[in-house]
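Chemist: Quick one: the structure is below, and I'll ask about it shortly.
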Amino acid sequence: MDGSLTLKGAADAPFYLPQGDECEVFSAAADNDLPVLLKGPTGCGKTRFVTHMAARLGRQLHTVACHDDLSAADLIGRYLLKGGETIWVDGPLTRAVREGAICYLDEVVEARKDVTVVLHPLTDDRRILPIDRTGEELQAAPGFMLVASYNPGYQNILKTLKPSTRQRFVALEFDFPAPKHEVPVVMRETGLSEDRAKLLVRLANKLRDLKGQDLEEGVSTRLVIYAASLIAKGMPMERAILAAMIEPLTDDADVKTGLLDLVTAVIG
Ligand SMILES: Nc1ncnc2c1ncn2[C@@H]1O[C@H](COP(=O)(O)OP(=O)(O)OP(=O)(O)O)[C@@H](O)[C@H]1O
Ligand SMILES: [Mg+2]
């Protein structure tokens, strides 16, 4: 890894506190035209990381939230009727390919199977996007980069990435930031004092320890930030924690009671 991180848009990039060497790896992948896969739980900083890196690299970012109805045409484009005329309109992937931008496919495992077929020739050394409907075969412009993310925790048998797809990406694993990172992130995002941010982060980590037993997923950094914002704006701590860090986690009354006991133990 070199010093290429003195990047164009660094000053204006949205705030992102690195957990390790992820910025260097992403930047090296970008330099080498390699696609990147971000794996990690909800609300741990993946989207923020991509927006930060896109700004630092001085590249446009086109984000697509994938869902089970997302088709290749949604990404590539389609013919639309406009004022009696049929015109071709590029989808976000095609725009990124033409412009040399970053295309970020959020929750890529959700997308329909025909999407992966489109991604294959783009994510190996051919870097081409065939557009069947127009007969074009686009060569990706310099700077084009494909970034995809998914949450391995939600995976089921039907929704996994095939090896032939995942083995086309450089992959980075994300997790909730360690307390020494999460505390300053919460403070910076919300203006909450250090002692209160530390308390919330301590509680968050206790709640995360329950993952797998009572909770499907640990409380996200996003929710800790929600709680911190409410507290910073004057809401009593217990109320904010209930609304932002407990209620979103479970609908089960017994589990909730258990979580509230934990809150009392940590917050006092
Ligand atoms: N390392 C970090 N530096 C700065 N902010 C962070 C960091 N990690 C998390 N955050 C904060 O957490 C919030 C949630 O992160 P983000 O939206 O990037 O999650 P995500 O991993 O994309 O989640 P999802 O999978 O649900 O889309 C961000 O808005 C940001 O405030
Ligand atoms: Mg996201």
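Letters A, B, ... go to the chains of the structure tokens in the order shown; residues in each chain start at 1; ligands are counted from 1 in the same order.
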Which chain A residues have any atom within 6 Å of an atom of ligand 1, and for each, what is the nearest pair of atoms with distance in Å to one decimal, counting only C-alpha atoms and all ligand atoms, rows sorted by chain and number, as a tab-separated table?
Modeler:
```
residue	atom	partner	partner_atom_place_in_ligand_line	distance
A:Phe15	CA	ligand 1	4 (C)	5.4
A:Tyr16	CA	ligand 1	3 (N)	3.5
A:Leu17	CA	ligand 1	3 (N)	3.8
A:Pro18	CA	ligand 1	1 (N)	5.3
A:Pro41	CA	ligand 1	25 (O)	5.8
A:Thr42	CA	ligand 1	25 (O)	3.6
A:Gly43	CA	ligand 1	23 (O)	3.4
A:Cys44	CA	ligand 1	21 (O)	4.0
A:Gly45	CA	ligand 1	18 (O)	3.1
A:Lys46	CA	ligand 1	21 (O)	3.7
A:Thr47	CA	ligand 1	18 (O)	3.6
A:Arg48	CA	ligand 1	18 (O)	3.8
A:Val185	CA	ligand 1	4 (C)	5.3
A:Glu189	CA	ligand 1	31 (O)	5.8
A:Thr221	CA	ligand 1	12 (O)	5.0
A:Arg222	CA	ligand 1	14 (C)	4.2
```
Chemist: Find the residues around region 246-253 of chain A up to 9 Å (only C-alpha atoms counted), leave out those fewer than 2 positions away in its own chain, and share them as a ChimeraX atom specification.
Modeler: /A:214-219,223,241-244,255-260
Chemist: Applying 12 Å and only C-alpha atoms, which residues near Ser193 (chain A) remain after dropping the ones on its own chain fewer than 6 positions away? List them as JSON, numbers by chain.
Modeler: {"A": [183, 184, 185, 186, 187, 199, 200, 228, 229, 231, 232, 233]}
Chemist: Would you please give, as a ChimeraX atom specification, all residues of region 33-135 of chain A that DSSP assigns to strand (DSSP E) based on the backbone?
Modeler: /A:36-39,61-65,77-82,85-90,102-106,128-131
Chemist: Store the residues picked out above, limited to N, CA and C atoms, as a PDB file, in the first residue's frame.
Modeler:
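Output (out-v9.pdb):
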```pdb
ATOM      1  N   VAL A  36     -15.045  -4.067  -5.044  1.00  0.00           N
ATOM      2  CA  VAL A  36     -14.935  -4.288  -3.595  1.00  0.00           C
ATOM      3  C   VAL A  36     -16.284  -4.711  -3.019  1.00  0.00           C
ATOM      4  N   LEU A  37     -16.227  -5.704  -2.139  1.00  0.00           N
ATOM      5  CA  LEU A  37     -17.416  -6.199  -1.441  1.00  0.00           C
ATOM      6  C   LEU A  37     -17.281  -5.863   0.042  1.00  0.00           C
ATOM      7  N   LEU A  38     -18.299  -5.204   0.600  1.00  0.00           N
ATOM      8  CA  LEU A  38     -18.288  -4.856   2.025  1.00  0.00           C
ATOM      9  C   LEU A  38     -19.271  -5.761   2.749  1.00  0.00           C
ATOM     10  N   LYS A  39     -18.779  -6.491   3.741  1.00  0.00           N
ATOM     11  CA  LYS A  39     -19.645  -7.396   4.481  1.00  0.00           C
ATOM     12  C   LYS A  39     -19.793  -6.862   5.891  1.00  0.00           C
ATOM     13  N   LEU A  61     -20.681   9.022  -7.168  1.00  0.00           N
ATOM     14  CA  LEU A  61     -21.191   7.788  -6.575  1.00  0.00           C
ATOM     15  C   LEU A  61     -22.648   7.598  -6.968  1.00  0.00           C
ATOM     16  N   HIS A  62     -22.970   6.435  -7.528  1.00  0.00           N
ATOM     17  CA  HIS A  62     -24.358   6.092  -7.819  1.00  0.00           C
ATOM     18  C   HIS A  62     -24.732   4.912  -6.937  1.00  0.00           C
ATOM     19  N   THR A  63     -25.674   5.130  -6.028  1.00  0.00           N
ATOM     20  CA  THR A  63     -26.050   4.085  -5.074  1.00  0.00           C
ATOM     21  C   THR A  63     -27.374   3.450  -5.482  1.00  0.00           C
ATOM     22  N   VAL A  64     -27.415   2.139  -5.420  1.00  0.00           N
ATOM     23  CA  VAL A  64     -28.653   1.416  -5.720  1.00  0.00           C
ATOM     24  C   VAL A  64     -28.990   0.524  -4.524  1.00  0.00           C
ATOM     25  N   ALA A  65     -30.161   0.741  -3.932  1.00  0.00           N
ATOM     26  CA  ALA A  65     -30.621  -0.136  -2.851  1.00  0.00           C
ATOM     27  C   ALA A  65     -31.272  -1.350  -3.505  1.00  0.00           C
ATOM     28  N   GLY A  77     -30.864   0.109 -17.662  1.00  0.00           N
ATOM     29  CA  GLY A  77     -31.647   1.149 -18.322  1.00  0.00           C
ATOM     30  C   GLY A  77     -32.755   0.547 -19.149  1.00  0.00           C
ATOM     31  N   ARG A  78     -33.593   1.413 -19.703  1.00  0.00           N
ATOM     32  CA  ARG A  78     -34.708   0.904 -20.505  1.00  0.00           C
ATOM     33  C   ARG A  78     -35.196   1.981 -21.457  1.00  0.00           C
ATOM     34  N   TYR A  79     -35.974   1.514 -22.449  1.00  0.00           N
ATOM     35  CA  TYR A  79     -36.625   2.465 -23.351  1.00  0.00           C
ATOM     36  C   TYR A  79     -37.859   3.022 -22.669  1.00  0.00           C
ATOM     37  N   LEU A  80     -37.998   4.332 -22.701  1.00  0.00           N
ATOM     38  CA  LEU A  80     -39.170   4.975 -22.105  1.00  0.00           C
ATOM     39  C   LEU A  80     -39.848   5.841 -23.152  1.00  0.00           C
ATOM     40  N   LEU A  81     -41.161   5.962 -22.996  1.00  0.00           N
ATOM     41  CA  LEU A  81     -41.936   6.827 -23.887  1.00  0.00           C
ATOM     42  C   LEU A  81     -41.909   8.239 -23.339  1.00  0.00           C
ATOM     43  N   LYS A  82     -41.418   9.177 -24.136  1.00  0.00           N
ATOM     44  CA  LYS A  82     -41.419  10.571 -23.682  1.00  0.00           C
ATOM     45  C   LYS A  82     -41.938  11.445 -24.807  1.00  0.00           C
ATOM     46  N   GLU A  85     -42.240   9.892 -28.130  1.00  0.00           N
ATOM     47  CA  GLU A  85     -40.999   9.325 -28.661  1.00  0.00           C
ATOM     48  C   GLU A  85     -40.469   8.255 -27.717  1.00  0.00           C
ATOM     49  N   THR A  86     -39.858   7.255 -28.284  1.00  0.00           N
ATOM     50  CA  THR A  86     -39.241   6.239 -27.447  1.00  0.00           C
ATOM     51  C   THR A  86     -37.761   6.571 -27.298  1.00  0.00           C
ATOM     52  N   ILE A  87     -37.334   6.792 -26.071  1.00  0.00           N
ATOM     53  CA  ILE A  87     -35.911   7.104 -25.885  1.00  0.00           C
ATOM     54  C   ILE A  87     -35.285   6.166 -24.865  1.00  0.00           C
ATOM     55  N   TRP A  88     -34.020   5.936 -25.054  1.00  0.00           N
ATOM     56  CA  TRP A  88     -33.269   5.072 -24.132  1.00  0.00           C
ATOM     57  C   TRP A  88     -32.814   5.900 -22.935  1.00  0.00           C
ATOM     58  N   VAL A  89     -33.062   5.371 -21.729  1.00  0.00           N
ATOM     59  CA  VAL A  89     -32.600   6.062 -20.521  1.00  0.00           C
ATOM     60  C   VAL A  89     -31.652   5.130 -19.755  1.00  0.00           C
ATOM     61  N   ASP A  90     -30.432   5.592 -19.556  1.00  0.00           N
ATOM     62  CA  ASP A  90     -29.445   4.791 -18.818  1.00  0.00           C
ATOM     63  C   ASP A  90     -29.892   4.553 -17.388  1.00  0.00           C
ATOM     64  N   ILE A 102     -18.318   5.492  -9.297  1.00  0.00           N
ATOM     65  CA  ILE A 102     -18.479   4.312  -8.446  1.00  0.00           C
ATOM     66  C   ILE A 102     -19.962   3.946  -8.409  1.00  0.00           C
ATOM     67  N   CYS A 103     -20.264   2.670  -8.658  1.00  0.00           N
ATOM     68  CA  CYS A 103     -21.637   2.194  -8.515  1.00  0.00           C
ATOM     69  C   CYS A 103     -21.691   1.323  -7.266  1.00  0.00           C
ATOM     70  N   TYR A 104     -22.528   1.718  -6.314  1.00  0.00           N
ATOM     71  CA  TYR A 104     -22.614   1.014  -5.033  1.00  0.00           C
ATOM     72  C   TYR A 104     -23.933   0.258  -4.950  1.00  0.00           C
ATOM     73  N   LEU A 105     -23.849  -1.055  -4.958  1.00  0.00           N
ATOM     74  CA  LEU A 105     -25.044  -1.902  -4.861  1.00  0.00           C
ATOM     75  C   LEU A 105     -25.214  -2.342  -3.419  1.00  0.00           C
ATOM     76  N   ASP A 106     -26.142  -1.693  -2.743  1.00  0.00           N
ATOM     77  CA  ASP A 106     -26.377  -1.967  -1.331  1.00  0.00           C
ATOM     78  C   ASP A 106     -27.263  -3.205  -1.206  1.00  0.00           C
ATOM     79  N   ILE A 128     -16.533  -4.913 -19.122  1.00  0.00           N
ATOM     80  CA  ILE A 128     -17.498  -4.512 -20.147  1.00  0.00           C
ATOM     81  C   ILE A 128     -18.935  -4.690 -19.659  1.00  0.00           C
ATOM     82  N   LEU A 129     -19.801  -3.850 -20.204  1.00  0.00           N
ATOM     83  CA  LEU A 129     -21.226  -3.951 -19.900  1.00  0.00           C
ATOM     84  C   LEU A 129     -21.978  -4.113 -21.214  1.00  0.00           C
ATOM     85  N   PRO A 130     -22.411  -5.343 -21.522  1.00  0.00           N
ATOM     86  CA  PRO A 130     -23.204  -5.521 -22.739  1.00  0.00           C
ATOM     87  C   PRO A 130     -24.629  -5.032 -22.486  1.00  0.00           C
ATOM     88  N   ILE A 131     -25.137  -4.210 -23.390  1.00  0.00           N
ATOM     89  CA  ILE A 131     -26.531  -3.758 -23.257  1.00  0.00           C
ATOM     90  C   ILE A 131     -27.315  -4.387 -24.401  1.00  0.00           C
TER      91      ILE A 131
END
```
Chemist: I'd like to know which residues of region 102-260 of chain A are alpha helix (DSSP H) (by DSSP, run on the backbone); could you write them as a PyMOL selection string?
Modeler: chain A and resi 113-122+163-166+179-190+194-208+221-232+237-241+253-260
Chemist: Could you check the closest approach to Ala148 (chain A) for each of A:Pro179, A:Pro14, A:Gly40, A:Gly20 and tell me which residue wins, using only C-alpha atoms?
Modeler: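 Counting only C-alpha atoms, the residue closest to Ala148 (chain A) is A:Gly40.
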Chemist: What is the CA of Arg95 (chain A) to CA of Asp31 (chain A) distance in Å?
Modeler: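 Taking CA of Arg95 (chain A) and CA of Asp31 (chain A), their separation equals 20.0 Å.
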Chemist: Would you please work out which residue, of A:Gly234, A:Ala13, A:Arg188, A:Leu262, is nearest to Ala204 (chain A) when using only C-alpha atoms?
Modeler: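 Closest to Ala204 (chain A), using only C-alpha atoms: A:Leu262.
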Chemist: So how far away is CA of Val108 (chain A) from CA of Ser220 (chain A), in Å?
Modeler: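 A separation of 19.9 Å between them.
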